[in-house]
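Raw contents of coords-v8.cif, mmCIF, C-alpha atoms:
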```cif
data_run
#
loop_
_atom_site.label_atom_id
_atom_site.label_comp_id
_atom_site.auth_asym_id
_atom_site.auth_seq_id
_atom_site.Cartn_x
_atom_site.Cartn_y
_atom_site.Cartn_z
CA MET G 4 -8.65 14.62 -15.41
CA LYS G 5 -10.45 17.88 -15.89
CA GLN G 6 -9.02 21.36 -16.39
CA ARG G 7 -11.02 24.09 -14.71
CA THR G 8 -11.32 27.01 -17.11
CA PRO G 9 -12.87 30.49 -16.94
CA LEU G 10 -16.52 30.80 -17.92
CA LEU G 11 -16.85 30.98 -21.69
CA VAL G 12 -19.49 33.35 -23.06
CA SER G 13 -21.06 32.96 -26.48
CA ALA G 14 -20.95 35.93 -28.85
CA GLY G 15 -24.68 36.55 -28.49
CA ALA G 16 -24.60 36.34 -24.72
CA ALA G 17 -21.56 38.61 -24.61
CA LEU G 18 -23.43 41.26 -26.58
CA ALA G 19 -26.38 40.96 -24.23
CA LEU G 20 -24.12 41.34 -21.20
CA GLY G 21 -21.85 43.96 -22.74
CA SER G 22 -23.22 46.79 -20.67
CA LEU G 23 -22.63 44.84 -17.46
CA ALA G 24 -19.12 43.39 -17.82
CA PRO G 25 -16.15 43.33 -20.19
CA LEU G 26 -16.15 40.60 -22.79
CA ALA G 27 -14.41 37.36 -21.80
CA PRO G 28 -11.98 35.72 -24.25
CA VAL G 29 -13.92 33.57 -26.68
CA ALA G 30 -12.77 29.96 -26.94
CA ARG G 31 -11.96 28.94 -30.49
CA ALA G 32 -12.42 25.46 -31.88
CA ALA G 33 -9.65 24.44 -34.25
CA PRO G 34 -9.94 22.22 -37.36
CA ALA G 35 -9.54 18.48 -36.88
CA GLY G 36 -6.64 18.05 -39.32
CA GLY G 37 -2.98 17.91 -38.33
CA ALA G 38 -1.36 19.73 -35.45
CA PRO G 39 0.23 23.17 -35.74
CA GLU G 40 3.98 23.16 -36.36
CA ASP G 41 4.82 23.82 -32.71
CA PHE G 42 3.20 20.60 -31.47
CA VAL G 43 5.62 17.70 -31.04
CA ALA G 44 5.72 14.11 -29.92
CA LEU G 45 7.26 14.18 -26.44
CA SER G 46 9.51 11.28 -27.39
CA SER G 47 11.18 13.46 -30.04
CA VAL G 48 12.22 15.90 -27.30
CA ASP G 49 12.96 13.41 -24.51
CA ALA G 50 12.72 9.69 -25.19
CA SER G 51 13.60 8.86 -21.57
CA ILE G 52 10.27 10.06 -20.15
CA LEU G 53 8.06 7.04 -19.58
CA GLN G 54 4.65 6.93 -21.26
CA ASP G 55 1.63 5.07 -19.89
CA MET G 56 -1.12 6.51 -22.06
CA ARG G 57 -4.24 5.19 -20.38
CA TYR G 58 -6.84 6.64 -22.77
CA ALA G 59 -5.34 4.70 -25.68
CA THR G 60 -6.27 1.54 -23.74
CA LYS G 61 -9.34 0.16 -21.97
CA VAL G 62 -7.76 0.78 -18.56
CA ASN G 63 -9.40 4.06 -17.61
CA PHE G 64 -12.50 5.34 -15.81
CA ILE G 65 -14.73 4.52 -18.81
CA GLY G 66 -13.30 1.06 -19.48
CA ARG G 67 -12.95 1.61 -23.24
CA ARG G 68 -10.38 3.10 -25.61
CA ILE G 69 -11.23 6.79 -25.84
CA ASP G 70 -12.20 8.46 -29.11
CA GLY G 71 -9.31 10.21 -30.84
CA TYR G 72 -6.50 8.15 -29.29
CA ARG G 73 -5.24 6.25 -32.30
CA GLN G 74 -1.80 5.53 -30.83
CA PRO G 75 -0.37 5.54 -27.27
CA LEU G 76 1.48 8.80 -27.79
CA CYS G 77 2.15 11.95 -25.76
CA ILE G 78 1.80 15.11 -27.87
CA LEU G 79 2.47 18.58 -26.44
CA THR G 80 3.35 22.08 -27.54
CA ARG G 81 7.12 22.33 -27.88
CA PRO G 82 7.60 24.73 -24.92
CA ALA G 83 5.74 22.33 -22.61
CA ALA G 84 7.72 19.33 -23.91
CA GLU G 85 11.02 21.15 -23.45
CA ALA G 86 10.05 22.12 -19.91
CA LEU G 87 9.35 18.45 -19.13
CA HIS G 88 12.76 17.61 -20.57
CA ARG G 89 14.41 20.05 -18.17
CA ALA G 90 12.56 18.53 -15.23
CA GLN G 91 13.46 15.03 -16.40
CA GLN G 92 17.18 15.85 -16.54
CA LYS G 93 17.07 16.84 -12.87
CA LEU G 94 15.12 13.73 -11.90
CA LEU G 95 17.38 11.34 -13.78
CA ALA G 96 20.33 12.65 -11.78
CA GLN G 97 18.41 11.61 -8.65
CA GLY G 98 17.52 8.13 -9.90
CA ARG G 99 13.96 9.07 -10.84
CA SER G 100 11.89 9.57 -13.97
CA LEU G 101 8.70 11.26 -15.04
CA LYS G 102 5.87 9.10 -16.37
CA VAL G 103 3.01 10.65 -18.34
CA TYR G 104 -0.55 9.31 -18.34
CA ASP G 105 -2.10 11.87 -20.69
CA CYS G 106 -0.95 14.92 -22.64
CA TYR G 107 -2.76 16.65 -25.51
CA ARG G 108 -6.37 15.44 -25.58
CA PRO G 109 -8.55 16.01 -28.68
CA GLN G 110 -11.97 17.60 -28.26
CA ARG G 111 -13.57 14.40 -29.58
CA ALA G 112 -12.16 12.59 -26.51
CA VAL G 113 -13.67 15.20 -24.19
CA ASP G 114 -16.98 14.74 -26.04
CA HIS G 115 -16.66 10.99 -25.37
CA PHE G 116 -16.27 11.71 -21.65
CA VAL G 117 -19.38 13.90 -21.73
CA ARG G 118 -21.52 11.29 -23.51
CA TRP G 119 -20.37 8.66 -21.04
CA ALA G 120 -21.14 10.85 -18.03
CA LYS G 121 -24.70 11.35 -19.26
CA ASP G 122 -25.24 7.59 -19.60
CA LEU G 123 -26.13 6.79 -16.00
CA ASP G 124 -26.52 3.08 -16.78
CA ASP G 125 -22.83 2.63 -17.61
CA GLU G 126 -21.01 2.25 -14.31
CA ARG G 127 -18.63 -0.58 -15.21
CA MET G 128 -15.61 1.17 -13.65
CA LYS G 129 -17.33 2.91 -10.75
CA ALA G 130 -16.02 0.58 -8.03
CA GLU G 131 -12.46 1.65 -8.82
CA PHE G 132 -12.49 5.22 -10.12
CA TYR G 133 -15.47 6.92 -8.43
CA PRO G 134 -16.80 4.61 -5.70
CA ARG G 135 -17.92 7.45 -3.41
CA VAL G 136 -19.37 9.76 -6.10
CA ALA G 137 -22.78 9.27 -7.69
CA LYS G 138 -22.41 9.31 -11.47
CA ASP G 139 -25.10 11.95 -11.82
CA ARG G 140 -22.87 14.25 -9.73
CA LEU G 141 -19.79 14.08 -11.97
CA PHE G 142 -20.61 17.35 -13.76
CA ALA G 143 -21.76 19.23 -10.66
CA ASP G 144 -18.72 18.13 -8.67
CA GLY G 145 -16.33 19.19 -11.43
CA TYR G 146 -14.94 15.81 -12.47
CA ILE G 147 -16.27 16.05 -16.06
CA ALA G 148 -16.62 19.19 -18.19
CA GLU G 149 -17.34 20.01 -21.82
CA LYS G 150 -13.93 21.62 -22.31
CA SER G 151 -10.49 20.54 -21.09
CA GLY G 152 -7.23 22.43 -20.88
CA HIS G 153 -5.60 19.29 -22.27
CA SER G 154 -7.08 20.17 -25.67
CA ARG G 155 -4.96 23.34 -25.74
CA GLY G 156 -1.75 21.30 -25.80
CA SER G 157 0.18 22.50 -22.74
CA THR G 158 -1.40 20.36 -20.02
CA VAL G 159 -0.11 16.99 -18.89
CA ASP G 160 -1.08 14.30 -16.36
CA LEU G 161 1.97 12.62 -14.86
CA THR G 162 3.75 11.03 -11.93
CA ILE G 163 7.24 10.01 -10.79
CA VAL G 164 8.83 6.56 -10.99
CA ALA G 165 11.94 5.43 -9.12
CA LEU G 166 14.44 4.11 -11.66
CA GLY G 167 14.92 0.40 -11.30
CA SER G 168 11.36 -0.21 -10.13
CA PRO G 169 9.93 -3.30 -11.80
CA ALA G 170 7.44 -2.41 -14.52
CA ALA G 171 3.94 -3.04 -13.21
CA PRO G 172 1.23 -4.29 -15.58
CA VAL G 173 -1.77 -2.00 -15.35
CA GLY G 174 -4.02 -5.03 -15.04
CA PRO G 175 -7.39 -5.95 -16.55
CA ALA G 176 -9.94 -3.55 -18.05
CA ARG G 177 -12.29 -4.09 -15.11
CA PRO G 178 -12.45 -2.51 -11.68
CA VAL G 179 -9.96 -3.56 -9.06
CA ALA G 180 -9.71 -2.04 -5.57
CA PRO G 181 -10.89 1.56 -5.02
CA CYS G 182 -8.42 4.11 -6.40
CA PHE G 183 -7.74 5.40 -2.86
CA ALA G 184 -6.95 1.96 -1.40
CA PRO G 185 -3.42 1.31 -0.08
CA GLN G 186 -0.90 1.15 -2.91
CA GLY G 187 -0.40 -2.59 -2.62
CA GLU G 188 -4.13 -3.19 -3.08
CA ARG G 189 -5.14 -0.76 -5.86
CA ARG G 190 -4.38 -1.12 -9.58
CA PRO G 191 -0.67 -1.90 -10.07
CA ASP G 192 1.48 1.07 -11.03
CA ASP G 193 5.25 1.48 -10.85
CA SER G 194 4.99 5.11 -9.69
CA VAL G 195 5.91 6.27 -6.21
CA ASP G 196 2.99 6.23 -3.78
CA MET G 197 0.89 9.36 -4.27
CA GLY G 198 -1.95 8.27 -2.01
CA THR G 199 -4.38 7.55 -4.85
CA GLY G 200 -4.18 6.23 -8.35
CA PHE G 201 -4.41 8.34 -11.49
CA ASP G 202 -7.88 9.71 -12.37
CA CYS G 203 -9.25 9.00 -8.92
CA PHE G 204 -12.54 10.92 -8.70
CA ASP G 205 -12.32 11.61 -5.00
CA THR G 206 -11.34 14.50 -2.75
CA LEU G 207 -8.36 12.44 -1.57
CA ALA G 208 -6.84 13.24 -4.97
CA HIS G 209 -6.68 16.94 -4.09
CA THR G 210 -2.98 17.77 -4.05
CA ASP G 211 -2.96 19.22 -0.54
CA ASP G 212 -5.72 17.14 1.06
CA PRO G 213 -4.80 17.10 4.76
CA ARG G 214 -5.60 13.40 5.09
CA ILE G 215 -2.62 12.60 2.85
CA GLN G 216 0.47 12.61 5.06
CA GLY G 217 3.94 11.12 5.35
CA ALA G 218 5.68 9.78 2.26
CA GLN G 219 2.57 10.17 0.11
CA ARG G 220 2.35 13.90 0.85
CA ALA G 221 6.10 14.30 0.37
CA ASN G 222 5.89 12.62 -3.03
CA ARG G 223 3.10 14.94 -4.16
CA GLN G 224 4.96 18.01 -2.99
CA PHE G 225 8.16 16.83 -4.65
CA LEU G 226 6.35 16.38 -7.98
CA LYS G 227 4.68 19.77 -7.64
CA GLY G 228 7.92 21.53 -6.72
CA THR G 229 9.92 19.87 -9.48
CA LEU G 230 7.46 20.95 -12.15
CA ALA G 231 6.82 24.40 -10.70
CA ALA G 232 10.53 25.13 -11.10
CA GLU G 233 10.09 24.65 -14.86
CA GLY G 234 6.93 26.74 -15.26
CA PHE G 235 4.13 24.26 -14.59
CA VAL G 236 1.08 25.09 -12.46
CA ASN G 237 -0.75 22.32 -10.62
CA LEU G 238 -4.53 21.94 -10.61
CA PRO G 239 -5.27 21.73 -6.85
CA GLU G 240 -8.00 19.10 -7.30
CA GLU G 241 -5.70 16.62 -9.06
CA TRP G 242 -2.18 15.85 -7.86
CA TRP G 243 -1.22 14.55 -11.34
CA HIS G 244 -2.44 17.54 -13.44
CA PHE G 245 -0.09 20.35 -14.55
CA THR G 246 -0.25 23.14 -17.14
CA TYR G 247 2.80 24.88 -18.59
CA LYS G 248 2.54 28.68 -18.45
CA PRO G 249 2.28 30.80 -20.48
CA GLU G 250 0.19 28.59 -22.73
CA ALA G 251 0.86 28.81 -26.45
CA TYR G 252 -2.86 28.45 -27.23
CA PRO G 253 -4.80 29.70 -24.18
CA ASP G 254 -8.15 30.00 -25.99
CA THR G 255 -8.01 27.26 -28.66
CA TYR G 256 -9.31 23.70 -28.27
CA PHE G 257 -7.83 21.37 -30.87
CA ASP G 258 -9.34 18.17 -32.26
CA PHE G 259 -6.63 16.51 -34.34
CA PRO G 260 -6.21 12.81 -33.36
CA VAL G 261 -3.47 11.51 -31.09
CA ALA G 262 -1.32 9.89 -33.77
CA TYR G 263 2.20 10.18 -35.14
CA ARG G 264 0.93 11.48 -38.45
CA SER G 265 -0.69 14.43 -36.66
CA VAL G 266 2.72 15.81 -35.72
CA HIS G 267 4.85 14.36 -38.54
CA GLY G 268 2.51 14.92 -41.47
CA HIS G 269 3.23 18.60 -42.17
#
```
Serialized structure, structure tokens:
Amino acid sequence: MKQRTPLLVSAGAALALGSLAPLAPVARAAPAGGAPEDFVALSSVDASILQDMRYATKVNFIGRRIDGYRQPLCILTRPAAEALHRAQQKLLAQGRSLKVYDCYRPQRAVDHFVRWAKDLDDERMKAEFYPRVAKDRLFADGYIAEKSGHSRGSTVDLTIVALGSPAAPVGPARPVAPCFAPQGERRPDDSVDMGTGFDCFDTLAHTDDPRIQGAQRANRQFLKGTLAAEGFVNLPEEWWHFTYKPEAYPDTYFDFPVAYRSVHGH
């Protein structure tokens, strides 16, 4: 869920440290209006890529619709969307399809995550999404952060679905089995078996965790290899998380809402 980013230094702190180290790039917050011209709805580039936008629903690790997700829509920078299209063309020829869970994420959604993580009394989804992690450890263990690469527009969370698989309802907005339970027991999903569900806050979600073997490991490596061939880099702690490189906006965190009018209202 989280994108690990370099340490960001405030202008004042950078001046104070200037004699010790070169200045780091300063992250820039962008206005909350519409998206820049080079952001697109993924469906306008490739309508065949499946979309299961969990944060526009109550089926996620918080158990509520997330701030800023006005419609269940994948928005990305055009280069990232076109790279997904290239990967999808190869997969379709093999009887498979990409399915995205999250794409561009507004800063207000990240702020929602942060507020939730600080509310230690709200553990409604713990039994499914973070059963082995104490909520007061979510920041320290890197599962929640105040900035996300998703807000820069070139990061996507996704999986692979075998064409012809019956669509699986994501189920109720309450915990089901732990996210690392066997596929037939955890929350229904029509994706191939990746060993854990999406947004599983557990070390088993690390892409190369040695405990994940057999078909599950092969599926993860296939996803990683397919996307790497088109310029995507995987976050090692999350098998589903990929960033297209080079990023169009490496230092800017946008806050326009996830809505059709954000990308069609120019």
Could you spell out the hits of the PyMOL selection byres ((chain G and resi 236) around 8) on the shown file, as a ChimeraX atom specification?
-> /G:230-231,234-235,237-238,245-248
Would you save the residues of that selection, restricted to C-alpha atoms, as a tab-separated table (two decimals), in the frame of the given file?
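The result, stored in result_15.tsv:
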```tsv
chain	number	residue	atom	x	y	z
G	230	LEU	CA	7.46	20.95	-12.15
G	231	ALA	CA	6.82	24.40	-10.70
G	234	GLY	CA	6.93	26.74	-15.26
G	235	PHE	CA	4.13	24.26	-14.59
G	237	ASN	CA	-0.75	22.32	-10.62
G	238	LEU	CA	-4.53	21.94	-10.61
G	245	PHE	CA	-0.09	20.35	-14.55
G	246	THR	CA	-0.25	23.14	-17.14
G	247	TYR	CA	2.80	24.88	-18.59
G	248	LYS	CA	2.54	28.68	-18.45
```
Where does the PyMOL selection byres ((chain G and resi 192) around 9) land in this file, that is, which residues does it pick, as a PyMOL selection string?
-> chain G and resi 170-173+186+189-191+193-195+200
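One finds atom CA of His244 of chain G at 15.2 Å from atom CA of Ala232 of chain G.
When the distance limit is 10 Å and all atoms listed in the file are what count, the residues near Phe42 of chain G, minus those fewer than 2 positions from it on the same chain, are Gly37, Ala38, Pro39, Glu40, Ala44, Leu45, Ile78, Leu79, Thr80, Arg81, Pro82, Ala83, Ala84, Tyr107, Gly156, Ser157, Ala251, Ser265, Val266 and His267 of chain G.
Among the candidate residues G:Gln54, G:Asn63, G:Asn222, G:Gln97, the one lying nearest to Lys129 of chain G is G:Asn63, with distances computed using all atoms listed in the file.
One distance worth recording is that between atom CA of Asp212 of chain G and atom CA of Pro239 of chain G, which is 9.2 Å.
Across G:Pro75, G:Gly152, G:Gly198, G:Gly187, the tightest approach to Asp55 of chain G is made by G:Pro75 when counting all atoms listed in the file.
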Once 8 Å is added on each side, what centre and edge lengths in Å to one decimal does the axis-aligned box around all listed atoms of segment 198-213 of chain G have, as AutoDock Vina command-line options?
```
--center_x -7.2 --center_y 12.7 --center_z -3.8 --size_x 26.6 --size_y 29.0 --size_z 33.1
```
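One distance worth recording is that between atom CA of His153 of chain G and atom CA of Arg108 of chain G, which is 5.1 Å.
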Would you translate the PyMOL selection byres ((chain G and resi 166) around 7) into the concrete set of residues it matches in this file, as an MDAnalysis selection string?
-> chainID G and resid 98:100 164:165 167:168
